[in-house]
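Structure data follow from work-v5.cif (mmCIF, C-alpha atoms):
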```cif
data_coords
loop_
_atom_site.label_atom_id
_atom_site.label_comp_id
_atom_site.auth_asym_id
_atom_site.auth_seq_id
_atom_site.Cartn_x
_atom_site.Cartn_y
_atom_site.Cartn_z
CA MET Q 777 21.39 14.91 -6.52
CA GLU Q 778 23.79 12.06 -7.31
CA LYS Q 779 22.86 10.35 -4.03
CA GLY Q 780 19.16 11.12 -4.19
CA ILE Q 781 16.89 13.88 -2.91
CA PHE Q 782 16.56 12.24 0.51
CA ASP Q 783 20.23 11.47 1.03
CA GLY Q 784 20.82 11.80 4.80
CA LEU Q 785 17.14 11.38 5.70
CA LYS Q 786 16.80 8.75 8.42
CA VAL Q 787 13.65 6.64 8.36
CA LEU Q 788 12.50 3.94 10.79
CA ASP Q 789 10.14 1.51 9.10
CA CYS Q 790 8.24 -0.23 11.90
CA ALA Q 791 5.42 -1.56 9.72
CA SER Q 792 4.16 -4.56 7.77
CA PHE Q 793 1.58 -5.58 5.09
CA ILE Q 794 1.93 -3.48 2.71
CA ALA Q 795 1.11 0.19 2.24
CA ALA Q 796 3.17 1.64 5.11
CA PRO Q 797 6.46 -0.16 4.33
CA ALA Q 798 5.90 0.51 0.62
CA ALA Q 799 5.85 4.25 1.39
CA ALA Q 800 9.21 3.79 3.09
CA THR Q 801 10.41 2.03 -0.06
CA VAL Q 802 9.67 5.14 -2.12
CA LEU Q 803 11.69 7.24 0.33
CA ALA Q 804 14.52 4.72 0.00
CA ASP Q 805 14.31 4.87 -3.80
CA PHE Q 806 15.17 8.57 -3.54
CA GLY Q 807 18.11 7.95 -1.24
CA ALA Q 808 16.72 7.88 2.30
CA ASP Q 809 18.47 5.65 4.84
CA VAL Q 810 15.64 3.29 5.80
CA ILE Q 811 15.97 0.89 8.73
CA LYS Q 812 13.46 -1.93 8.75
CA ILE Q 813 12.46 -2.80 12.32
CA GLU Q 814 11.24 -6.40 12.45
CA PRO Q 815 10.90 -9.07 15.12
CA PRO Q 816 13.68 -11.62 15.63
CA GLY Q 817 13.31 -15.13 14.26
CA ALA Q 818 11.08 -15.22 11.19
CA GLY Q 819 11.09 -11.42 10.92
CA ASP Q 820 8.33 -9.38 9.35
CA PRO Q 821 5.33 -11.70 8.69
CA TYR Q 822 5.11 -10.13 5.23
CA ARG Q 823 8.18 -12.16 4.30
CA ASN Q 824 5.87 -15.19 4.20
CA LEU Q 825 3.26 -13.74 1.85
CA PRO Q 826 4.26 -15.90 -1.17
CA ASN Q 827 3.69 -19.02 0.96
CA LEU Q 828 -0.01 -18.29 1.35
CA PRO Q 829 -2.47 -20.33 -0.75
CA GLY Q 830 -3.07 -18.98 -4.23
CA TYR Q 831 0.18 -17.09 -4.66
CA PRO Q 832 2.58 -17.98 -7.49
CA HIS Q 833 5.51 -20.27 -6.72
CA SER Q 834 9.02 -18.91 -7.15
CA GLU Q 835 12.53 -19.45 -5.84
CA HIS Q 836 12.57 -15.70 -5.18
CA ASN Q 837 10.62 -13.94 -2.44
CA PHE Q 838 9.02 -11.55 -4.93
CA ALA Q 839 6.87 -9.71 -2.38
CA TRP Q 840 9.79 -8.99 -0.06
CA MET Q 841 12.01 -7.99 -2.99
CA LEU Q 842 9.57 -5.24 -3.91
CA GLU Q 843 8.69 -3.82 -0.49
CA ALA Q 844 12.06 -4.18 1.27
CA ARG Q 845 14.58 -3.21 -1.39
CA ASN Q 846 17.15 -0.59 -0.43
CA LYS Q 847 16.49 -1.10 3.31
CA LYS Q 848 18.58 -2.30 6.22
CA SER Q 849 17.17 -4.76 8.76
CA LEU Q 850 17.33 -4.43 12.53
CA ALA Q 851 15.71 -7.29 14.44
CA LEU Q 852 14.18 -5.95 17.68
CA ASP Q 853 11.78 -7.66 20.07
CA LEU Q 854 9.77 -4.60 21.07
CA THR Q 855 8.02 -6.50 23.84
CA LYS Q 856 11.32 -6.25 25.76
CA PRO Q 857 12.23 -2.97 27.51
CA GLU Q 858 15.84 -3.25 26.31
CA ALA Q 859 14.68 -3.32 22.68
CA ARG Q 860 12.43 -0.31 23.18
CA GLU Q 861 15.40 1.59 24.60
CA VAL Q 862 17.31 0.82 21.40
CA LEU Q 863 14.39 2.10 19.35
CA TYR Q 864 14.12 5.25 21.45
CA LYS Q 865 17.82 5.93 20.90
CA LEU Q 866 17.33 5.60 17.14
CA VAL Q 867 14.30 7.89 17.29
CA THR Q 868 16.39 10.71 18.72
CA GLU Q 869 18.31 10.88 15.44
CA ALA Q 870 15.51 9.91 13.05
CA ASP Q 871 13.54 12.12 10.68
CA VAL Q 872 10.60 9.81 10.05
CA PHE Q 873 9.00 7.00 12.06
CA ILE Q 874 6.54 4.81 10.12
CA THR Q 875 4.13 2.33 11.67
CA ASN Q 876 0.87 0.61 10.83
CA MET Q 877 0.34 -1.12 14.14
CA PRO Q 878 -3.18 -0.55 15.54
CA PRO Q 879 -3.37 2.25 18.14
CA GLN Q 880 -3.82 -0.14 21.07
CA VAL Q 881 -0.73 -2.14 20.03
CA ARG Q 882 1.32 1.06 19.73
CA GLN Q 883 0.20 1.97 23.24
CA LYS Q 884 1.17 -1.44 24.59
CA LEU Q 885 4.62 -1.30 22.98
CA GLY Q 886 5.28 2.30 23.96
CA ILE Q 887 5.58 3.61 20.40
CA THR Q 888 2.68 6.05 20.13
CA HIS Q 889 3.25 9.59 18.96
CA ASP Q 890 3.14 10.75 22.58
CA HIS Q 891 5.82 8.22 23.54
CA LEU Q 892 8.21 9.38 20.83
CA VAL Q 893 7.62 13.09 20.23
CA HIS Q 894 9.34 14.19 23.44
CA LEU Q 895 12.47 12.37 22.27
CA ASN Q 896 12.69 14.35 19.04
CA ASP Q 897 10.45 17.30 18.29
CA ARG Q 898 11.54 17.26 14.62
CA LEU Q 899 10.26 13.73 14.11
CA ILE Q 900 7.61 13.05 11.47
CA TYR Q 901 5.45 10.35 13.06
CA ALA Q 902 3.56 8.63 10.25
CA SER Q 903 0.84 6.13 11.13
CA PHE Q 904 -1.28 4.00 8.82
CA THR Q 905 -4.44 2.08 9.72
CA GLY Q 906 -7.25 0.16 8.09
CA TYR Q 907 -10.16 2.33 9.13
CA GLY Q 908 -8.74 5.50 10.69
CA GLU Q 909 -7.59 6.24 14.23
CA LYS Q 910 -10.91 7.29 15.75
CA GLY Q 911 -14.21 5.52 16.33
CA ASP Q 912 -15.24 1.95 17.04
CA GLU Q 913 -13.13 0.47 14.22
CA ALA Q 914 -9.86 2.24 15.03
CA ASN Q 915 -8.23 -0.99 16.22
CA LYS Q 916 -9.90 -3.25 13.67
CA PRO Q 917 -7.40 -5.09 11.45
CA GLY Q 918 -7.70 -4.10 7.81
CA PHE Q 919 -6.25 -5.34 4.55
CA ASP Q 920 -6.74 -3.75 1.16
CA SER Q 921 -9.14 -6.53 0.16
CA ASN Q 922 -11.61 -5.54 2.86
CA ALA Q 923 -10.90 -2.00 4.05
CA TYR Q 924 -10.03 -0.52 0.64
CA TRP Q 925 -11.63 -2.68 -2.02
CA ALA Q 926 -14.76 -3.97 -0.31
CA ARG Q 927 -15.62 -1.08 2.04
CA SER Q 928 -15.38 1.59 -0.67
CA GLY Q 929 -17.92 0.00 -3.00
CA LEU Q 930 -15.30 -0.82 -5.62
CA MET Q 931 -15.71 -4.56 -5.10
CA ASP Q 932 -19.40 -4.23 -5.87
CA LEU Q 933 -18.97 -1.87 -8.82
CA VAL Q 934 -16.08 -3.52 -10.67
CA ARG Q 935 -17.87 -6.57 -12.00
CA ALA Q 936 -19.51 -7.43 -15.29
CA ASP Q 937 -23.03 -6.59 -14.10
CA GLU Q 938 -25.21 -6.70 -11.03
CA ASP Q 939 -26.05 -10.37 -11.53
CA THR Q 940 -22.46 -11.61 -11.31
CA THR Q 941 -20.57 -12.10 -8.06
CA PRO Q 942 -18.48 -9.20 -6.67
CA ALA Q 943 -14.97 -8.98 -8.10
CA ARG Q 944 -12.02 -10.05 -5.95
CA SER Q 945 -9.01 -7.78 -5.69
CA VAL Q 946 -5.46 -8.88 -6.45
CA ALA Q 947 -2.51 -8.74 -4.06
CA GLY Q 948 -1.51 -5.22 -3.09
CA MET Q 949 -3.91 -3.60 -5.55
CA GLY Q 950 -5.10 -1.09 -2.98
CA ASP Q 951 -2.00 -1.05 -0.83
CA HIS Q 952 0.30 0.42 -3.46
CA PRO Q 953 -1.91 3.44 -4.29
CA CYS Q 954 -2.33 3.93 -0.53
CA ALA Q 955 1.45 3.87 -0.17
CA MET Q 956 1.70 6.81 -2.54
CA ALA Q 957 -0.84 8.78 -0.51
CA PHE Q 958 1.10 7.94 2.66
CA TYR Q 959 4.35 8.97 1.00
CA GLY Q 960 2.69 12.25 0.00
CA ALA Q 961 1.62 12.86 3.59
CA ILE Q 962 5.16 12.25 4.85
CA VAL Q 963 6.75 14.53 2.24
CA THR Q 964 4.17 17.24 2.96
CA ALA Q 965 5.09 17.04 6.65
CA LEU Q 966 8.78 17.29 5.80
CA PHE Q 967 8.02 20.42 3.78
CA GLN Q 968 6.11 21.84 6.73
CA ARG Q 969 9.08 21.07 8.98
CA GLU Q 970 11.27 23.16 6.69
CA LYS Q 971 9.01 26.13 7.50
CA THR Q 972 8.38 25.52 11.21
CA GLY Q 973 11.35 23.48 12.38
CA LYS Q 974 8.92 21.09 14.06
CA GLY Q 975 7.79 17.58 13.24
CA SER Q 976 4.18 16.42 13.19
CA HIS Q 977 1.89 13.41 13.21
CA VAL Q 978 0.55 12.43 9.78
CA SER Q 979 -1.76 9.56 8.93
CA THR Q 980 -3.94 7.97 6.31
CA ASN Q 981 -5.85 4.70 6.03
CA LEU Q 982 -7.12 2.08 3.61
CA MET Q 983 -10.76 3.09 3.93
CA ALA Q 984 -10.12 6.75 3.11
CA ASN Q 985 -8.04 5.85 0.09
CA GLY Q 986 -10.64 3.37 -1.14
CA ILE Q 987 -13.33 6.03 -1.07
CA TRP Q 988 -10.95 8.46 -2.80
CA ALA Q 989 -10.34 5.87 -5.54
CA ASN Q 990 -14.11 5.51 -5.92
CA GLY Q 991 -14.56 9.25 -5.46
CA VAL Q 992 -16.53 10.09 -8.62
CA LEU Q 993 -19.36 7.70 -7.90
CA ALA Q 994 -19.14 8.19 -4.13
CA GLN Q 995 -19.59 11.94 -4.65
CA ALA Q 996 -22.50 11.28 -6.95
CA LYS Q 997 -24.17 9.26 -4.19
CA LEU Q 998 -23.41 11.96 -1.63
CA VAL Q 999 -25.33 14.52 -3.69
CA GLY Q 1000 -28.27 12.19 -4.26
CA ALA Q 1001 -27.62 11.26 -7.90
CA LYS Q 1002 -29.88 8.65 -9.49
CA PHE Q 1003 -28.04 5.57 -10.72
CA LYS Q 1004 -29.00 3.30 -13.59
CA LYS Q 1005 -28.77 -0.45 -13.33
CA ARG Q 1006 -25.43 -1.71 -14.59
CA LYS Q 1007 -25.64 -3.85 -17.67
CA PRO Q 1008 -23.37 -6.60 -19.01
CA ARG Q 1009 -20.72 -5.80 -21.61
CA GLU Q 1010 -22.94 -7.00 -24.46
CA GLU Q 1011 -25.56 -4.41 -23.47
CA ALA Q 1012 -23.29 -1.46 -22.74
CA LEU Q 1013 -24.69 1.95 -23.58
CA ASN Q 1014 -21.76 2.98 -25.78
CA ALA Q 1015 -20.05 0.61 -28.21
CA VAL Q 1016 -17.00 2.84 -28.75
CA THR Q 1017 -16.03 2.78 -25.06
CA ASN Q 1018 -16.37 -0.96 -24.69
CA HIS Q 1019 -13.98 -3.92 -24.75
CA TYR Q 1020 -13.73 -6.64 -27.39
CA LYS Q 1021 -12.11 -10.03 -27.80
CA CYS Q 1022 -9.63 -10.53 -30.63
CA ARG Q 1023 -9.07 -13.70 -32.65
CA ASP Q 1024 -6.18 -14.84 -30.41
CA GLY Q 1025 -8.23 -14.51 -27.23
CA ARG Q 1026 -6.70 -11.20 -26.16
CA TRP Q 1027 -8.92 -8.24 -25.30
CA ILE Q 1028 -8.84 -4.61 -26.40
CA ILE Q 1029 -10.75 -1.66 -24.99
CA LEU Q 1030 -11.87 1.31 -27.08
CA SER Q 1031 -11.93 4.76 -25.47
CA LEU Q 1032 -13.25 7.06 -28.20
CA LEU Q 1033 -14.50 10.03 -26.21
CA ASN Q 1034 -14.34 12.28 -29.29
CA GLU Q 1035 -16.85 10.03 -30.98
CA GLU Q 1036 -18.33 12.37 -33.59
CA ARG Q 1037 -14.95 13.09 -35.17
CA GLN Q 1038 -13.47 9.60 -34.82
CA TRP Q 1039 -16.46 7.46 -35.77
CA PRO Q 1040 -15.68 7.45 -39.52
CA THR Q 1041 -12.03 6.61 -38.81
CA LEU Q 1042 -12.97 3.72 -36.58
CA ALA Q 1043 -15.38 2.32 -39.15
CA ARG Q 1044 -12.65 2.51 -41.80
CA CYS Q 1045 -10.09 0.81 -39.51
CA LEU Q 1046 -12.51 -2.02 -38.91
CA GLY Q 1047 -13.07 -2.46 -42.63
CA ARG Q 1048 -16.68 -1.48 -42.16
CA GLU Q 1049 -16.96 1.81 -44.09
CA ASP Q 1050 -20.57 0.83 -44.75
CA LEU Q 1051 -21.38 1.67 -41.13
CA VAL Q 1052 -20.69 5.38 -41.73
CA ASP Q 1053 -23.66 5.68 -44.08
CA ASP Q 1054 -25.80 3.15 -42.27
CA PRO Q 1055 -28.91 5.08 -41.13
CA ARG Q 1056 -29.04 2.98 -37.95
CA PHE Q 1057 -25.77 4.57 -36.76
CA ALA Q 1058 -25.81 7.97 -38.47
CA THR Q 1059 -25.58 10.08 -35.30
CA LYS Q 1060 -24.15 9.63 -31.83
CA ALA Q 1061 -27.69 9.34 -30.45
CA ASP Q 1062 -28.44 6.63 -33.02
CA ARG Q 1063 -25.32 4.68 -32.13
CA HIS Q 1064 -26.12 4.86 -28.43
CA SER Q 1065 -29.73 3.87 -28.83
CA ARG Q 1066 -28.64 0.89 -30.96
CA SER Q 1067 -25.51 0.08 -28.99
CA VAL Q 1068 -26.41 -3.60 -28.60
CA GLU Q 1069 -26.53 -4.02 -32.38
CA LEU Q 1070 -23.27 -2.14 -32.83
CA ILE Q 1071 -21.53 -4.16 -30.13
CA ARG Q 1072 -22.59 -7.35 -31.87
CA ILE Q 1073 -21.07 -6.07 -35.14
CA PHE Q 1074 -17.84 -5.05 -33.37
CA ASP Q 1075 -17.63 -8.43 -31.65
CA GLU Q 1076 -17.77 -10.19 -34.99
CA THR Q 1077 -15.23 -7.80 -36.52
CA PHE Q 1078 -12.61 -7.85 -33.77
CA ALA Q 1079 -12.77 -11.65 -33.76
CA THR Q 1080 -11.32 -11.71 -37.29
CA ARG Q 1081 -7.78 -10.52 -36.36
CA ASP Q 1082 -5.20 -11.01 -33.62
CA LEU Q 1083 -4.45 -8.30 -31.08
CA ALA Q 1084 -1.11 -7.35 -32.71
CA GLU Q 1085 -2.88 -6.61 -36.00
CA TRP Q 1086 -5.54 -4.47 -34.36
CA ARG Q 1087 -2.90 -2.54 -32.40
CA LYS Q 1088 -1.07 -1.66 -35.60
CA VAL Q 1089 -4.24 -0.51 -37.36
CA LEU Q 1090 -5.68 1.51 -34.49
CA ASP Q 1091 -2.34 3.08 -33.49
CA GLY Q 1092 -1.68 3.98 -37.11
CA ASN Q 1093 -4.87 5.98 -37.25
CA GLY Q 1094 -4.54 7.78 -33.92
CA LEU Q 1095 -7.47 6.10 -32.23
CA VAL Q 1096 -7.54 5.90 -28.43
CA PHE Q 1097 -7.63 2.35 -27.10
CA GLY Q 1098 -5.93 0.13 -24.60
CA VAL Q 1099 -4.71 -3.41 -24.48
CA VAL Q 1100 -6.11 -5.49 -21.64
CA GLY Q 1101 -2.70 -6.50 -20.39
CA ILE Q 1102 -1.75 -9.84 -18.92
CA LEU Q 1103 1.18 -10.65 -16.65
CA ASP Q 1104 3.06 -12.34 -19.49
CA ASP Q 1105 3.30 -8.97 -21.25
CA ILE Q 1106 5.14 -7.17 -18.46
CA PRO Q 1107 8.73 -8.52 -18.55
CA ASN Q 1108 9.13 -7.56 -22.22
CA ASP Q 1109 7.17 -4.31 -22.25
CA ARG Q 1110 9.58 -1.96 -24.03
CA GLN Q 1111 7.60 1.14 -23.07
CA MET Q 1112 7.86 0.23 -19.39
CA ILE Q 1113 11.59 -0.48 -19.62
CA GLU Q 1114 12.43 2.66 -21.64
CA ASN Q 1115 10.51 4.82 -19.16
CA GLU Q 1116 12.10 3.11 -16.13
CA VAL Q 1117 8.78 1.77 -14.92
CA LEU Q 1118 10.75 -1.45 -14.66
CA VAL Q 1119 14.38 -1.22 -13.50
CA ARG Q 1120 17.17 -3.70 -12.82
CA PHE Q 1121 18.49 -4.63 -9.41
CA GLU Q 1122 22.05 -3.62 -8.63
CA ASN Q 1123 24.56 -6.09 -10.10
CA ASP Q 1124 21.77 -8.23 -11.50
CA THR Q 1125 19.70 -8.68 -14.65
CA MET Q 1126 16.51 -9.19 -12.66
CA LEU Q 1127 13.87 -6.47 -13.01
CA THR Q 1128 11.75 -4.86 -10.30
CA VAL Q 1129 8.83 -2.44 -10.33
CA ASN Q 1130 9.97 1.16 -9.87
CA SER Q 1131 8.08 3.62 -7.70
CA PRO Q 1132 5.92 5.78 -10.01
CA ILE Q 1133 7.47 9.21 -9.34
CA PHE Q 1134 10.10 10.75 -11.61
CA ILE Q 1135 11.85 14.09 -11.02
CA ASP Q 1136 14.22 15.62 -13.55
CA GLY Q 1137 17.72 15.84 -12.13
CA ALA Q 1138 16.88 13.69 -9.12
CA LYS Q 1139 18.68 10.39 -9.32
CA LYS Q 1140 17.05 7.33 -7.79
CA VAL Q 1141 19.07 4.69 -6.00
CA GLN Q 1142 19.58 1.61 -8.13
CA PRO Q 1143 17.53 -1.04 -6.34
CA ARG Q 1144 19.44 -3.24 -3.93
CA LYS Q 1145 18.20 -6.67 -2.92
CA PRO Q 1146 16.27 -6.76 0.38
CA PRO Q 1147 17.97 -7.69 3.66
CA GLY Q 1148 17.79 -10.87 5.68
CA VAL Q 1149 16.25 -10.73 9.15
CA GLY Q 1150 18.54 -8.62 11.34
CA GLU Q 1151 21.22 -8.53 8.66
CA HIS Q 1152 22.33 -5.04 9.68
CA SER Q 1153 21.61 -5.18 13.42
CA ASP Q 1154 25.23 -4.90 14.55
CA GLU Q 1155 26.04 -2.21 12.00
CA ILE Q 1156 23.07 -0.09 13.06
CA LEU Q 1157 23.79 -0.52 16.77
CA ARG Q 1158 27.43 0.48 16.32
CA GLN Q 1159 26.39 3.59 14.41
CA ALA Q 1160 23.99 4.40 17.26
CA GLY Q 1161 26.90 4.31 19.73
CA TYR Q 1162 26.70 0.81 21.20
CA ASP Q 1163 30.01 -0.93 21.86
CA GLU Q 1164 30.61 -4.66 21.38
CA ALA Q 1165 29.91 -5.50 25.01
CA ALA Q 1166 26.57 -3.69 24.89
CA ILE Q 1167 25.63 -5.43 21.64
CA ARG Q 1168 26.44 -8.85 23.15
CA LYS Q 1169 24.30 -8.01 26.16
CA LEU Q 1170 21.37 -7.03 23.96
CA ARG Q 1171 21.72 -10.25 21.99
CA ALA Q 1172 21.90 -12.33 25.16
CA SER Q 1173 18.68 -10.78 26.45
CA GLY Q 1174 16.87 -11.56 23.19
CA ALA Q 1175 16.12 -7.90 22.62
CA VAL Q 1176 18.20 -7.87 19.43
CA ALA Q 1177 18.86 -10.61 16.89
#
```
Translate this structure into structure tokens?
Amino acid sequence: MEKGIFDGLKVLDCASFIAAPAAATVLADFGADVIKIEPPGAGDPYRNLPNLPGYPHSEHNFAWMLEARNKKSLALDLTKPEAREVLYKLVTEADVFITNMPPQVRQKLGITHDHLVHLNDRLIYASFTGYGEKGDEANKPGFDSNAYWARSGLMDLVRADEDTTPARSVAGMGDHPCAMAFYGAIVTALFQREKTGKGSHVSTNLMANGIWANGVLAQAKLVGAKFKKRKPREEALNAVTNHYKCRDGRWIILSLLNEERQWPTLARCLGREDLVDDPRFATKADRHSRSVELIRIFDETFATRDLAEWRKVLDGNGLVFGVVGILDDIPNDRQMIENEVLVRFENDTMLTVNSPIFIDGAKKVQPRKPPGVGEHSDEILRQAGYDEAAIRKLRASGAVA
């Protein structure tokens, strides 16, 4: 496995924004040969994501670095018949074809499953959409902010309380979990091909993954469960599964599910042993019924020390909690680096976010920087059997760049 589990696997990534190409990135991490199909000129529109309002400024194209690492770029204008012929030739030797173009666009460009399957019956045709491939919304454009986050109910639920505005998502927050589901679908189809010798059409979508992410409460609604009105943090029903602000402005969240056993330990860690014998909080039922009082006490207590001090105390006593992380924490997070959650680019000190799958004995490719538009066009065409005269002709027609 020195070259990766998917060494020799040929993948055509004909997708953009973000989940579908990110699934191809995971395949590339494990050694697949991934060719990024993008239009000539400016290339994949996703290259311009950091230029949109509200995104951080950097000399590096951070979005493209993450989604396009380890890939080769072939610039094809698929509106031209000559370019489609190039794609069809590549499909004959490919294992996986990935797209997230809407069904009607695939039909127009001649890249539907029906267009490609007769060229290669071992092909895994993997399609990704916003709202599924059937029904009135099959061709509706979808991004994770609307099809995943908003449609699923998560946008409504993940906010302080019902009186505050719905919570906005952050870039790629839904796309990256969706990418893992899409990757799983592709790998499952490859496993099936090992048994049958035949490829198949696999798909998933933002809406389905959003509901899956919100599955516990969605299932509760499906069976007619009765919901209580959500309350603000200061009125939460359980003080020991709540979040608190430390002296330095950082936040910490307690997750003491084994409350009966850990309550005395927590009180001792907070320097409030008196709470253990306080009749107001003697039992779990008492603590829950008086949660507002207890939260007020915890607020005052956590505000007396910095986050680093509380981490040392709580960790030292085996209590379950989490730090509400901020972006500034990530580059120096030793746990992430030691567990290869963050890895370095090839021949560089710059870190990137690793795909979250680890298999003993299966080496991942060290991340390579992403390609420029059409950087590998000639190389890919030569490997596909085109001679120099044919390549010049394709360039002259504008089909390839």
With the PyMOL selection byres ((chain Q and resi 950) around 9) as the selection, what would be picked from this file? Answer as a count of residues only, please. 19
Using all atoms listed in the file, which of the listed residues (Q:His836, Q:Gly1094, Q:Met983, Q:Leu885) sits closest to Gly906 in chain Q? Q:Met983
What does the distance from CA of Gly1101 in chain Q to CA of Asp939 in chain Q come to in Å, to one decimal?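 So the two atoms, CA of Gly1101 in chain Q and CA of Asp939 in chain Q, lie 25.3 Å apart.
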Any chance you could work out the residue set of the PyMOL selection byres ((chain Q and resi 1045-1061) around 10) here, as a list in words?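 Residues picked by the PyMOL selection byres ((chain Q and resi 1045-1061) around 10): Asn1014, Glu1035, Glu1036, Trp1039, Pro1040, Thr1041, Leu1042, Ala1043, Arg1044, Asp1062, Arg1063, His1064, Ser1065, Arg1066, Ser1067, Glu1069, Leu1070, Ile1073, Phe1074, Thr1077, Phe1078, Thr1080, Trp1086, Val1089, Leu1090, Gly1092, Asn1093 and Leu1095 of chain Q.
Closest approach to Met877 in chain Q among Q:Val1068, Q:Ile794, Q:Leu1127, Q:Ala1172 is made by Q:Ile794 (distances from all atoms listed in the file).
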Would you translate the PyMOL selection byres ((chain Q and resi 1151-1154) around 8) into the concrete set of residues it matches in this file, as a list in words?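 Evaluating the PyMOL selection byres ((chain Q and resi 1151-1154) around 8) on this file yields Lys848, Ser849, Leu850, Ala851, Pro1147, Gly1148, Val1149, Gly1150, Glu1155, Ile1156, Leu1157, Arg1158, Ile1167, Val1176 and Ala1177 of chain Q.
If all atoms listed in the file are the atoms counted, then among Q:Arg1006, Q:Lys1140, Q:Lys910, Q:Arg1023 the closest residue to Thr980 in chain Q is Q:Lys910.
Here the question is which of Q:Tyr864, Q:Tyr831, Q:Phe838, Q:Phe873 gets nearest to Asp789 in chain Q using all atoms listed in the file, and that residue is Q:Phe873.
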To one decimal in Å, tell me the separation between CA of Phe1003 in chain Q and CA of Arg944 in chain Q. 22.9 Å
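Using all atoms listed in the file for every distance, the candidate list Q:Met956, Q:Val862, Q:Ala936, Q:Ala994 yields Q:Ala936 as the residue closest to Arg1009 in chain Q.
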What does the distance between CA of Ile811 in chain Q and CA of Leu788 in chain Q come to in Å, to one decimal place?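 So the two atoms, CA of Ile811 in chain Q and CA of Leu788 in chain Q, lie 5.1 Å apart.
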